[in-house]
Amino acid sequence: MVEMKRNLSQENLKRMSWSNPKKPKEKKDGNYLQEVRRKGCCICERFGEVQRSPTAAHHPIHDRFSRAKRGDRTAIPLCEGHHQGLWDNSKVAIHKEPNRWRELYGNDYSYSQEAVSSTEGKCS
């Protein structure tokens, strides 16, 4: 009887490991986010706009099919106006108007960098 329970437990464990659709969460990378915040806004730079506010690290939201935040290594540098638009209303903020932002600038994940590669503050 004990042997049967042990086998059942091991089989359940095997089944759970391949049938669990959840991916393990990515580790937080504070150093990477700090580097992103030191850069200039990639939208202001690419489209020749003047950056009037500090840079924030934005985790891409376009084509994200759940409420789960993407990993830190996908974060992009956005000024407050292009990110939240709480006090810089001179720009289209992605969290206020995500569809309009996409029409003007494209998908936010297309600006993601795999690693901080330059110190000039430019998106690749």
# chains A, B, ... in the order shown; residues from 1 in each chain; ligands from 1
call {"tool": "residues_around", "arguments": {"residues": "A:Gln34", "least_positions_apart": "2", "cutoff": "12 Å", "atoms": "only C-alpha atoms", "output": "ChimeraX atom specification"}}
result
/A:28-32,36-39,55-58,72-73,75-77,116
call {"tool": "closest_residue", "arguments": {"among": "A:Glu35, A:Asp88, A:Asp108, A:Glu97", "to": "A:Pro60", "atoms": "only C-alpha atoms"}}
result
A:Asp108
call {"tool": "closest_residue", "arguments": {"among": "A:Gln84, A:Ser110, A:Asn99, A:Ser53", "to": "A:Gly40", "atoms": "only C-alpha atoms"}}
result
A:Ser53
call {"tool": "residues_around", "arguments": {"residues": "A:Phe47", "least_positions_apart": "5", "cutoff": "10 Å", "atoms": "only C-alpha atoms", "output": "VMD selection string"}}
result
chain A and resid 42 104 to 105
call {"tool": "write_last_selection", "arguments": {"atoms": "C-alpha atoms", "output": "mmCIF file, in the first residue's frame"}}
result
data_model
loop_
_atom_site.group_PDB
_atom_site.id
_atom_site.type_symbol
_atom_site.label_atom_id
_atom_site.label_comp_id
_atom_site.auth_asym_id
_atom_site.auth_seq_id
_atom_site.Cartn_x
_atom_site.Cartn_y
_atom_site.Cartn_z
ATOM 1 C CA CYS A 42 13.699 56.827 -26.866
ATOM 2 C CA LEU A 104 1.968 57.329 -33.753
ATOM 3 C CA TYR A 105 5.037 55.447 -32.561
#
call {"tool": "residues_around", "arguments": {"residues": "A:Arg102", "least_positions_apart": "3", "cutoff": "12 Å", "atoms": "only C-alpha atoms", "output": "list in words"}}
result
Ile43, Pro60, Ile61, His62, Asp63, His82, Val92, Ala93, Ile94, His95, Lys96, Glu97, Pro98, Asn99, Tyr105, Gly106, Asn107, Asp108, Tyr109, Ser110 and Tyr111 of chain A
call {"tool": "atom_distance", "arguments": {"atom1": "atom CA of A:Cys44", "atom2": "atom CA of A:Asn89"}}
result
14.0 Å
call {"tool": "atom_distance", "arguments": {"atom1": "atom CA of A:Leu33", "atom2": "atom CA of A:Gly48"}}
result
23.8 Å
